[in-house]
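Q: File start.json below, JSON, C-alpha atoms:
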```
[["chain", "number", "residue", "atom", "x", "y", "z"],
["A", 21, "MET", "CA", 97.60, 90.61, 84.57],
["A", 22, "SER", "CA", 100.46, 89.13, 82.58],
["A", 23, "ASP", "CA", 101.74, 85.57, 82.31],
["A", 24, "ARG", "CA", 104.66, 86.25, 84.63],
["A", 25, "THR", "CA", 104.73, 84.43, 87.97],
["A", 26, "ARG", "CA", 102.65, 86.29, 90.52],
["A", 27, "ILE", "CA", 103.54, 86.15, 94.19],
["A", 28, "VAL", "CA", 102.24, 87.63, 97.40],
["A", 29, "ILE", "CA", 104.96, 88.22, 99.99],
["A", 30, "ALA", "CA", 104.08, 88.23, 103.69],
["A", 31, "LEU", "CA", 106.79, 89.90, 105.76],
["A", 32, "GLY", "CA", 107.38, 88.86, 109.36],
["A", 33, "GLY", "CA", 108.25, 91.20, 112.20],
["A", 34, "ASN", "CA", 111.99, 90.68, 111.71],
["A", 35, "ALA", "CA", 111.65, 92.36, 108.30],
["A", 36, "LEU", "CA", 110.64, 95.63, 109.95],
["A", 37, "GLN", "CA", 112.27, 95.78, 113.37],
["A", 38, "SER", "CA", 115.41, 94.24, 114.82],
["A", 39, "LYS", "CA", 115.37, 92.93, 118.38],
["A", 40, "LYS", "CA", 118.90, 94.27, 118.71],
["A", 41, "SER", "CA", 118.05, 97.89, 117.85],
["A", 42, "GLU", "CA", 116.11, 100.65, 119.53],
["A", 43, "PRO", "CA", 112.35, 100.71, 118.84],
["A", 44, "THR", "CA", 112.55, 103.98, 116.92],
["A", 45, "ALA", "CA", 111.33, 104.96, 113.47],
["A", 46, "GLU", "CA", 114.93, 105.63, 112.44],
["A", 47, "ALA", "CA", 116.08, 102.16, 113.52],
["A", 48, "GLN", "CA", 113.11, 100.60, 111.75],
["A", 49, "LEU", "CA", 113.98, 102.36, 108.51],
["A", 50, "GLU", "CA", 117.48, 100.86, 108.59],
["A", 51, "VAL", "CA", 116.01, 97.36, 108.94],
["A", 52, "VAL", "CA", 113.50, 98.05, 106.18],
["A", 53, "LYS", "CA", 116.30, 99.14, 103.85],
["A", 54, "ARG", "CA", 117.94, 95.72, 104.22],
["A", 55, "THR", "CA", 114.60, 93.98, 103.78],
["A", 56, "CYS", "CA", 113.89, 95.84, 100.57],
["A", 57, "GLU", "CA", 117.15, 94.68, 99.02],
["A", 58, "TYR", "CA", 115.76, 91.13, 99.16],
["A", 59, "ILE", "CA", 112.38, 92.21, 97.77],
["A", 60, "ALA", "CA", 114.02, 94.17, 94.96],
["A", 61, "GLU", "CA", 116.15, 91.15, 94.08],
["A", 62, "ILE", "CA", 113.00, 89.05, 93.78],
["A", 63, "SER", "CA", 111.49, 91.70, 91.52],
["A", 64, "SER", "CA", 114.61, 91.72, 89.37],
["A", 65, "ARG", "CA", 114.02, 88.02, 88.66],
["A", 66, "GLY", "CA", 110.82, 89.00, 86.82],
["A", 67, "TYR", "CA", 108.18, 88.24, 89.44],
["A", 68, "GLU", "CA", 105.08, 90.36, 89.83],
["A", 69, "MET", "CA", 104.24, 90.95, 93.46],
["A", 70, "ALA", "CA", 102.36, 92.58, 96.26],
["A", 71, "VAL", "CA", 103.73, 92.97, 99.79],
["A", 72, "VAL", "CA", 101.87, 92.37, 103.05],
["A", 73, "HIS", "CA", 103.45, 93.20, 106.42],
["A", 74, "GLY", "CA", 102.73, 92.88, 110.12],
["A", 75, "ASN", "CA", 102.46, 95.79, 112.55],
["A", 76, "GLY", "CA", 102.54, 94.23, 116.03],
["A", 77, "PRO", "CA", 105.10, 96.39, 117.82],
["A", 78, "GLN", "CA", 104.39, 99.47, 115.72],
["A", 79, "VAL", "CA", 100.66, 99.69, 116.41],
["A", 80, "GLY", "CA", 101.37, 98.94, 120.06],
["A", 81, "ARG", "CA", 103.70, 101.93, 120.28],
["A", 82, "ILE", "CA", 101.15, 104.17, 118.57],
["A", 83, "ILE", "CA", 98.52, 103.08, 121.09],
["A", 84, "LEU", "CA", 100.93, 103.70, 123.98],
["A", 85, "SER", "CA", 101.70, 107.19, 122.68],
["A", 86, "SER", "CA", 98.02, 107.94, 122.32],
["A", 87, "GLU", "CA", 97.24, 106.70, 125.82],
["A", 88, "ALA", "CA", 100.16, 108.59, 127.34],
["A", 89, "ALA", "CA", 98.91, 111.86, 125.82],
["A", 90, "LYS", "CA", 95.25, 111.32, 126.79],
["A", 91, "ASP", "CA", 95.29, 114.36, 129.11],
["A", 92, "VAL", "CA", 96.37, 116.58, 126.22],
["A", 93, "VAL", "CA", 94.53, 115.15, 123.20],
["A", 94, "PRO", "CA", 91.78, 112.52, 122.98],
["A", 95, "PRO", "CA", 93.23, 109.02, 122.41],
["A", 96, "MET", "CA", 92.77, 107.53, 118.96],
["A", 97, "PRO", "CA", 90.50, 104.48, 118.48],
["A", 98, "PHE", "CA", 92.24, 101.18, 117.86],
["A", 99, "ASP", "CA", 91.26, 100.96, 114.18],
["A", 100, "VAL", "CA", 92.64, 104.46, 113.56],
["A", 101, "CYS", "CA", 95.93, 103.45, 115.19],
["A", 102, "GLY", "CA", 96.05, 100.50, 112.80],
["A", 103, "ALA", "CA", 95.56, 102.83, 109.85],
["A", 104, "MET", "CA", 98.36, 105.06, 111.12],
["A", 105, "SER", "CA", 100.71, 102.07, 111.34],
["A", 106, "GLN", "CA", 99.86, 101.08, 107.75],
["A", 107, "GLY", "CA", 100.76, 104.55, 106.59],
["A", 108, "TYR", "CA", 104.11, 104.93, 108.25],
["A", 109, "ILE", "CA", 105.32, 101.37, 107.62],
["A", 110, "GLY", "CA", 104.23, 101.69, 104.00],
["A", 111, "TYR", "CA", 106.05, 105.01, 103.73],
["A", 112, "HIS", "CA", 109.28, 103.35, 104.88],
["A", 113, "LEU", "CA", 108.80, 100.45, 102.45],
["A", 114, "GLN", "CA", 108.08, 102.83, 99.57],
["A", 115, "GLN", "CA", 111.23, 104.83, 100.24],
["A", 116, "ALA", "CA", 113.53, 101.87, 100.69],
["A", 117, "LEU", "CA", 112.11, 99.65, 97.95],
["A", 118, "THR", "CA", 112.07, 102.42, 95.35],
["A", 119, "TYR", "CA", 115.76, 103.03, 96.07],
["A", 120, "ALA", "CA", 116.63, 99.30, 95.98],
["A", 121, "LEU", "CA", 114.77, 98.86, 92.68],
["A", 122, "GLY", "CA", 116.51, 101.90, 91.21],
["A", 123, "ARG", "CA", 119.90, 100.41, 92.01],
["A", 124, "ARG", "CA", 118.85, 97.51, 89.80],
["A", 125, "ASN", "CA", 117.60, 99.79, 87.01],
["A", 126, "ARG", "CA", 113.99, 98.81, 87.66],
["A", 127, "ASN", "CA", 111.70, 101.79, 87.33],
["A", 128, "ILE", "CA", 108.67, 100.30, 89.06],
["A", 129, "PRO", "CA", 106.34, 102.43, 91.18],
["A", 130, "VAL", "CA", 105.77, 101.33, 94.78],
["A", 131, "VAL", "CA", 102.44, 102.33, 96.31],
["A", 132, "THR", "CA", 100.99, 101.83, 99.78],
["A", 133, "LEU", "CA", 97.26, 101.25, 99.93],
["A", 134, "VAL", "CA", 95.56, 101.79, 103.27],
["A", 135, "THR", "CA", 93.47, 98.63, 103.32],
["A", 136, "GLN", "CA", 90.27, 97.70, 105.11],
["A", 137, "MET", "CA", 89.51, 94.05, 105.79],
["A", 138, "VAL", "CA", 85.92, 92.99, 106.25],
["A", 139, "VAL", "CA", 85.28, 90.63, 109.16],
["A", 140, "GLU", "CA", 82.05, 89.02, 110.28],
["A", 141, "LYS", "CA", 80.27, 90.52, 113.27],
["A", 142, "ASN", "CA", 79.44, 87.04, 114.55],
["A", 143, "ASP", "CA", 83.00, 85.69, 114.23],
["A", 144, "LEU", "CA", 83.60, 83.52, 117.32],
["A", 145, "ALA", "CA", 86.86, 85.38, 117.95],
["A", 146, "PHE", "CA", 84.85, 88.33, 119.27],
["A", 147, "GLN", "CA", 83.67, 86.12, 122.13],
["A", 148, "ASN", "CA", 87.24, 85.26, 123.14],
["A", 149, "PRO", "CA", 89.74, 88.15, 122.80],
["A", 150, "THR", "CA", 93.28, 86.78, 122.90],
["A", 151, "LYS", "CA", 95.68, 89.27, 121.26],
["A", 152, "PRO", "CA", 97.53, 91.43, 123.86],
["A", 153, "ILE", "CA", 98.13, 95.06, 122.93],
["A", 154, "GLY", "CA", 99.46, 98.18, 124.59],
["A", 155, "ALA", "CA", 100.87, 98.76, 128.06],
["A", 156, "PHE", "CA", 101.11, 96.59, 131.17],
["A", 157, "TYR", "CA", 98.88, 97.52, 134.11],
["A", 158, "THR", "CA", 98.43, 96.51, 137.71],
["A", 159, "GLU", "CA", 95.39, 94.42, 138.54],
["A", 160, "GLU", "CA", 93.75, 97.46, 140.11],
["A", 161, "GLU", "CA", 94.37, 99.58, 137.00],
["A", 162, "ALA", "CA", 93.14, 96.78, 134.75],
["A", 163, "LYS", "CA", 89.89, 96.46, 136.67],
["A", 164, "ALA", "CA", 89.37, 100.21, 136.44],
["A", 165, "LEU", "CA", 89.82, 100.09, 132.65],
["A", 166, "MET", "CA", 87.42, 97.17, 132.38],
["A", 167, "GLU", "CA", 84.85, 99.19, 134.28],
["A", 168, "GLU", "CA", 85.49, 102.55, 132.62],
["A", 169, "LYS", "CA", 86.09, 101.52, 128.99],
["A", 170, "ASP", "CA", 84.72, 97.98, 128.84],
["A", 171, "TYR", "CA", 88.14, 96.65, 127.83],
["A", 172, "ALA", "CA", 88.90, 92.96, 128.00],
["A", 173, "MET", "CA", 91.97, 92.62, 130.22],
["A", 174, "LYS", "CA", 94.07, 89.54, 130.98],
["A", 175, "GLU", "CA", 97.10, 88.79, 133.09],
["A", 176, "ASP", "CA", 100.15, 88.28, 130.86],
["A", 177, "ALA", "CA", 102.67, 85.68, 132.05],
["A", 178, "GLY", "CA", 103.29, 87.32, 135.42],
["A", 179, "ARG", "CA", 104.33, 90.61, 133.82],
["A", 180, "GLY", "CA", 101.11, 92.46, 134.56],
["A", 181, "TRP", "CA", 97.70, 92.95, 132.98],
["A", 182, "ARG", "CA", 97.15, 93.95, 129.36],
["A", 183, "ARG", "CA", 94.26, 94.76, 127.12],
["A", 184, "VAL", "CA", 93.37, 91.92, 124.74],
["A", 185, "VAL", "CA", 91.42, 92.17, 121.51],
["A", 186, "PRO", "CA", 89.88, 89.54, 119.22],
["A", 187, "SER", "CA", 91.55, 88.15, 116.10],
["A", 188, "PRO", "CA", 88.77, 87.40, 113.58],
["A", 189, "LEU", "CA", 89.37, 85.82, 110.18],
["A", 190, "PRO", "CA", 89.47, 88.16, 107.15],
["A", 191, "ARG", "CA", 86.56, 87.66, 104.76],
["A", 192, "LYS", "CA", 86.88, 90.38, 102.12],
["A", 193, "ILE", "CA", 89.42, 93.02, 101.08],
["A", 194, "LYS", "CA", 87.54, 96.28, 100.57],
["A", 195, "GLU", "CA", 90.16, 97.74, 98.23],
["A", 196, "ILE", "CA", 90.79, 94.60, 96.17],
["A", 197, "HIS", "CA", 89.67, 96.22, 92.91],
["A", 198, "ALA", "CA", 92.27, 98.96, 93.39],
["A", 199, "VAL", "CA", 94.95, 96.33, 94.07],
["A", 200, "LYS", "CA", 94.04, 94.49, 90.87],
["A", 201, "SER", "CA", 94.02, 97.72, 88.84],
["A", 202, "LEU", "CA", 97.49, 98.63, 90.10],
["A", 203, "TRP", "CA", 98.92, 95.12, 89.93],
["A", 204, "LYS", "CA", 100.73, 94.79, 86.60],
["A", 205, "ASP", "CA", 102.86, 97.92, 86.65],
["A", 206, "THR", "CA", 103.11, 98.61, 90.37],
["A", 207, "ILE", "CA", 104.33, 96.91, 93.54],
["A", 208, "VAL", "CA", 101.48, 97.40, 96.00],
["A", 209, "VAL", "CA", 102.03, 97.38, 99.75],
["A", 210, "THR", "CA", 98.63, 96.35, 101.04],
["A", 211, "CYS", "CA", 96.76, 94.63, 103.90],
["A", 212, "GLY", "CA", 99.33, 96.10, 106.30],
["A", 213, "GLY", "CA", 99.09, 94.62, 109.77],
["A", 214, "GLY", "CA", 96.52, 92.21, 108.38],
["A", 215, "GLY", "CA", 94.33, 95.11, 107.27],
["A", 216, "ILE", "CA", 92.08, 97.39, 109.31],
["A", 217, "PRO", "CA", 89.24, 95.19, 110.63],
["A", 218, "VAL", "CA", 85.85, 96.61, 109.64],
["A", 219, "ILE", "CA", 82.26, 95.43, 109.72],
["A", 220, "GLU", "CA", 79.80, 96.15, 106.93],
["A", 221, "ASN", "CA", 76.41, 97.22, 108.26],
["A", 222, "ALA", "CA", 73.05, 96.52, 106.68],
["A", 223, "ASP", "CA", 72.62, 100.21, 105.80],
["A", 224, "GLY", "CA", 75.78, 100.16, 103.67],
["A", 225, "THR", "CA", 78.03, 101.89, 106.19],
["A", 226, "THR", "CA", 81.36, 100.50, 107.35],
["A", 227, "GLU", "CA", 82.75, 100.77, 110.86],
["A", 228, "GLY", "CA", 86.12, 99.86, 112.28],
["A", 229, "VAL", "CA", 86.39, 97.44, 115.18],
["A", 230, "ALA", "CA", 89.02, 96.93, 117.87],
["A", 231, "ALA", "CA", 90.61, 93.72, 116.61],
["A", 232, "VAL", "CA", 93.78, 92.33, 115.06],
["A", 233, "ILE", "CA", 93.85, 90.27, 111.86],
["A", 234, "ASP", "CA", 96.73, 87.86, 111.41],
["A", 235, "LYS", "CA", 98.81, 89.14, 108.52],
["A", 236, "ASP", "CA", 99.44, 85.61, 107.18],
["A", 237, "PHE", "CA", 95.71, 84.99, 106.73],
["A", 238, "ALA", "CA", 95.38, 88.42, 105.13],
["A", 239, "ALA", "CA", 98.19, 87.57, 102.70],
["A", 240, "GLU", "CA", 96.52, 84.25, 101.91],
["A", 241, "LEU", "CA", 93.22, 85.95, 101.08],
["A", 242, "LEU", "CA", 95.05, 88.47, 98.91],
["A", 243, "ALA", "CA", 96.89, 85.66, 97.11],
["A", 244, "GLU", "CA", 93.55, 84.02, 96.31],
["A", 245, "GLU", "CA", 91.99, 87.26, 95.11],
["A", 246, "VAL", "CA", 94.83, 88.18, 92.71],
["A", 247, "ASN", "CA", 95.21, 84.59, 91.47],
["A", 248, "ALA", "CA", 98.79, 84.41, 92.71],
["A", 249, "ASP", "CA", 100.95, 81.46, 91.77],
["A", 250, "ILE", "CA", 102.91, 81.48, 95.04],
["A", 251, "LEU", "CA", 102.23, 82.61, 98.58],
["A", 252, "LEU", "CA", 105.63, 83.41, 100.08],
["A", 253, "ILE", "CA", 105.63, 83.75, 103.87],
["A", 254, "LEU", "CA", 108.91, 85.10, 105.19],
["A", 255, "THR", "CA", 109.89, 84.74, 108.83],
["A", 256, "GLU", "CA", 112.98, 84.26, 111.01],
["A", 257, "VAL", "CA", 113.64, 80.59, 110.26],
["A", 258, "GLU", "CA", 114.77, 79.02, 107.00],
["A", 259, "LYS", "CA", 112.43, 76.04, 107.20],
["A", 260, "VAL", "CA", 109.43, 74.85, 109.14],
["A", 261, "ALA", "CA", 110.50, 72.35, 111.79],
["A", 262, "ILE", "CA", 108.96, 69.70, 114.01],
["A", 263, "HIS", "CA", 110.25, 69.15, 117.54],
["A", 264, "PHE", "CA", 111.44, 72.76, 117.31],
["A", 265, "LYS", "CA", 114.36, 73.71, 119.58],
["A", 266, "THR", "CA", 114.83, 70.17, 120.86],
["A", 267, "PRO", "CA", 117.61, 67.66, 120.12],
["A", 268, "GLU", "CA", 115.11, 65.92, 117.82],
["A", 269, "GLN", "CA", 114.42, 69.01, 115.70],
["A", 270, "GLN", "CA", 113.74, 68.08, 112.09],
["A", 271, "ASP", "CA", 113.64, 70.75, 109.39],
["A", 272, "LEU", "CA", 111.09, 70.09, 106.66],
["A", 273, "SER", "CA", 111.71, 70.81, 102.98],
["A", 274, "SER", "CA", 108.16, 69.97, 101.99],
["A", 275, "LEU", "CA", 104.72, 69.46, 103.47],
["A", 276, "THR", "CA", 101.50, 68.11, 102.01],
["A", 277, "LEU", "CA", 98.12, 69.08, 103.40],
["A", 278, "GLU", "CA", 97.82, 65.68, 105.05],
["A", 279, "GLU", "CA", 101.25, 65.91, 106.69],
["A", 280, "ALA", "CA", 100.70, 69.48, 107.86],
["A", 281, "GLY", "CA", 97.34, 68.56, 109.36],
["A", 282, "ARG", "CA", 98.87, 65.65, 111.25],
["A", 283, "TYR", "CA", 101.65, 67.82, 112.68],
["A", 284, "ILE", "CA", 99.10, 70.42, 113.80],
["A", 285, "GLU", "CA", 97.14, 67.73, 115.62],
["A", 286, "GLU", "CA", 100.38, 66.72, 117.36],
["A", 287, "GLY", "CA", 100.89, 70.33, 118.50],
["A", 288, "GLN", "CA", 104.15, 70.72, 116.58],
["A", 289, "PHE", "CA", 103.64, 74.38, 115.64],
["A", 290, "ALA", "CA", 103.43, 77.14, 118.23],
["A", 291, "SER", "CA", 100.25, 79.19, 118.40],
["A", 292, "GLY", "CA", 100.90, 82.82, 117.46],
["A", 293, "SER", "CA", 104.18, 81.85, 115.79],
["A", 294, "MET", "CA", 104.50, 79.11, 113.16],
["A", 295, "LEU", "CA", 100.94, 77.77, 113.45],
["A", 296, "PRO", "CA", 99.15, 80.62, 111.61],
["A", 297, "LYS", "CA", 101.79, 80.56, 108.88],
["A", 298, "VAL", "CA", 101.27, 76.85, 108.25],
["A", 299, "GLU", "CA", 97.49, 77.22, 108.45],
["A", 300, "ALA", "CA", 97.51, 80.11, 105.96],
["A", 301, "ALA", "CA", 99.74, 78.12, 103.61],
["A", 302, "MET", "CA", 97.41, 75.13, 103.89],
["A", 303, "LYS", "CA", 94.36, 77.25, 103.11],
["A", 304, "PHE", "CA", 96.00, 78.65, 99.98],
["A", 305, "VAL", "CA", 96.94, 75.28, 98.48],
["A", 306, "ARG", "CA", 93.69, 73.65, 99.59],
["A", 307, "PHE", "CA", 91.66, 76.04, 97.47],
["A", 308, "ASN", "CA", 94.29, 76.34, 94.74],
["A", 309, "PRO", "CA", 95.50, 72.81, 93.92],
["A", 310, "GLY", "CA", 98.56, 72.90, 91.70],
["A", 311, "LYS", "CA", 99.87, 76.08, 93.30],
["A", 312, "LYS", "CA", 102.18, 76.28, 96.27],
["A", 313, "ALA", "CA", 103.02, 78.18, 99.40],
["A", 314, "ILE", "CA", 106.56, 78.62, 100.66],
["A", 315, "ILE", "CA", 107.70, 79.42, 104.20],
["A", 316, "SER", "CA", 111.29, 80.53, 104.62],
["A", 317, "SER", "CA", 113.52, 83.25, 106.03],
["A", 318, "LEU", "CA", 113.86, 86.72, 104.57],
["A", 319, "ASP", "CA", 117.55, 86.28, 103.74],
["A", 320, "LYS", "CA", 116.79, 83.03, 101.88],
["A", 321, "ALA", "CA", 113.78, 84.31, 99.95],
["A", 322, "VAL", "CA", 115.37, 84.16, 96.49],
["A", 323, "GLU", "CA", 116.81, 80.70, 97.10],
["A", 324, "ALA", "CA", 113.44, 79.51, 98.39],
["A", 325, "LEU", "CA", 111.71, 80.69, 95.20],
["A", 326, "GLU", "CA", 114.36, 78.81, 93.23],
["A", 327, "GLY", "CA", 113.58, 75.61, 95.13],
["A", 328, "LYS", "CA", 116.92, 75.51, 96.93],
["A", 329, "THR", "CA", 115.62, 75.92, 100.48],
["A", 330, "GLY", "CA", 112.53, 76.75, 102.50],
["A", 331, "THR", "CA", 109.48, 74.60, 103.19],
["A", 332, "VAL", "CA", 107.15, 74.11, 100.23],
["A", 333, "ILE", "CA", 103.52, 73.36, 101.07],
["A", 334, "THR", "CA", 101.51, 71.65, 98.33],
["A", 335, "PHE", "CA", 98.11, 70.00, 98.02],
["A", 336, "ALA", "CA", 99.57, 66.49, 97.88]]
```
Would you mind writing the file's structure down as structure tokens?

A:
Amino acid sequence: MSDRTRIVIALGGNALQSKKSEPTAEAQLEVVKRTCEYIAEISSRGYEMAVVHGNGPQVGRIILSSEAAKDVVPPMPFDVCGAMSQGYIGYHLQQALTYALGRRNRNIPVVTLVTQMVVEKNDLAFQNPTKPIGAFYTEEEAKALMEEKDYAMKEDAGRGWRRVVPSPLPRKIKEIHAVKSLWKDTIVVTCGGGGIPVIENADGTTEGVAAVIDKDFAAELLAEEVNADILLILTEVEKVAIHFKTPEQQDLSSLTLEEAGRYIEEGQFASGSMLPKVEAAMKFVRFNPGKKAIISSLDKAVEALEGKTGTVITFA
């Protein structure tokens, strides 16, 4: 690796799919094209980088398609659906980012690496599945699935019943040596959707599990492994805020570990939204004093790296 600033970019859902457009692959590609203009601009400033992305709606649609066709072809296991989402999202990013880089006369290869993420079999998350996936069902249908397939099913805000899966913490990136080998001369799209959750068995085999890894924690682990200088988490808002969406909302330009911890105790950050982003940022700076994490919006990414906006999380 060179002496240039190394960053890991975690892309939020708004970087891949617009709430205003149809949930089609074609519509997604148009959003990705705009996203990649921002990423290419960061690259043109001389940063070395890897890109991590989510896959929430995409893997859900793949699962729905598989379930809908179950009378024609056997449905795919959850981990395989995750791998499929990595492939097609990465394909879109490769296409769009290669073009955006070319417009800036940057001849840098972009490669997607289907990535497995090792989780612990005894992770407490497996005892309490919380992440909803797939279709809505009636209570009767949900009970039948619980009996037939041993799914965990929960009622979802009055909209019906859904399958829920655990969200364990990532412990090891199986393909990390490949990422490091590619790093200097390539932009690697990796740990897509948080990575495919797998368990390593005592006999040396690896098996996929039905689970979802938060992509922010995956990006944090990647940033540690590649000795990144900055963890850049991009989302829909320009800055982290307390008292969010109230008259007392206060946007934060900076956060120390102590301040972030206090706000978490106060319940300032929504679970499943800003909370995992702040927690991932805290973990990165806690174990890498002197480095920083930045949370900002996609359209303000360059300005955030320049210190002009965003929320910077530091050790102290």

Q: Work out how far atom CA of A:Trp181 is from atom CA of A:Leu165, in Å to one decimal.

A: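 A separation of 10.6 Å between them.
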
Q: Excluding stretch 241-254 of chain A and residues on its chain fewer than 5 positions from it, collect all residues at most 6 Å away from it, counting all atoms listed in the file, and give them as a ChimeraX atom specification.

A: /A:26-32,311-318

Q: Would you mind listing what lies within 9 Å of A:Lys200 as a VMD selection string, with only C-alpha atoms counted and same-chain residues fewer than 3 positions away left out?

A: chain A and resid 21 195 to 197 203 to 204 245 to 246

Q: Got a sec to check which residues sit within 12 Å of (110.1, 71.1, 117.6), counting only C-alpha atoms, and write them as a short mmCIF file (atom, residue, chain, number, x, y, z; two decimals) with C-alpha atoms, in the frame of the given file?

A:
```cif
data_model
loop_
_atom_site.label_atom_id
_atom_site.label_comp_id
_atom_site.auth_asym_id
_atom_site.auth_seq_id
_atom_site.Cartn_x
_atom_site.Cartn_y
_atom_site.Cartn_z
CA LYS A 259 112.43 76.04 107.20
CA VAL A 260 109.43 74.85 109.14
CA ALA A 261 110.50 72.35 111.79
CA ILE A 262 108.96 69.70 114.01
CA HIS A 263 110.25 69.15 117.54
CA PHE A 264 111.44 72.76 117.31
CA LYS A 265 114.36 73.71 119.58
CA THR A 266 114.83 70.17 120.86
CA PRO A 267 117.61 67.66 120.12
CA GLU A 268 115.11 65.92 117.82
CA GLN A 269 114.42 69.01 115.70
CA GLN A 270 113.74 68.08 112.09
CA ASP A 271 113.64 70.75 109.39
CA LEU A 272 111.09 70.09 106.66
CA TYR A 283 101.65 67.82 112.68
CA ILE A 284 99.10 70.42 113.80
CA GLU A 286 100.38 66.72 117.36
CA GLY A 287 100.89 70.33 118.50
CA GLN A 288 104.15 70.72 116.58
CA PHE A 289 103.64 74.38 115.64
CA ALA A 290 103.43 77.14 118.23
CA MET A 294 104.50 79.11 113.16
#
```

Q: Counting only C-alpha atoms, which of A:Leu121, A:Met173, A:Ile219, A:Val184 gets nearest to A:Arg65?

A: A:Leu121

Q: Which residue out of A:Ala116, A:Val52, A:Leu275, A:Val208 has the minimum interatomic distance to A:Val72 when all atoms listed in the file are used?

A: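 Of the candidates, the smallest distance to A:Val72 is held by A:Val208.
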
Q: Here is a test: counting only C-alpha atoms, which residue of A:Ser85, A:Gln115, A:Asn148, A:Thr135 is nearest to A:Glu50?

A: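 For A:Glu50, the nearest of the candidates is A:Gln115.
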
Q: Identify which of the residues A:Val209, A:Ile109, A:Cys101, A:Val71 lies closest to A:Leu133, counting only C-alpha atoms when measuring atom-to-atom distances.

A: A:Val209

Q: Choose the residue, out of A:Thr158, A:Thr276, A:Thr255, A:Thr334, that has the smallest atom-to-atom separation from A:Arg179; count only C-alpha atoms.

A: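 Under the stated criterion, the closest residue is A:Thr158.
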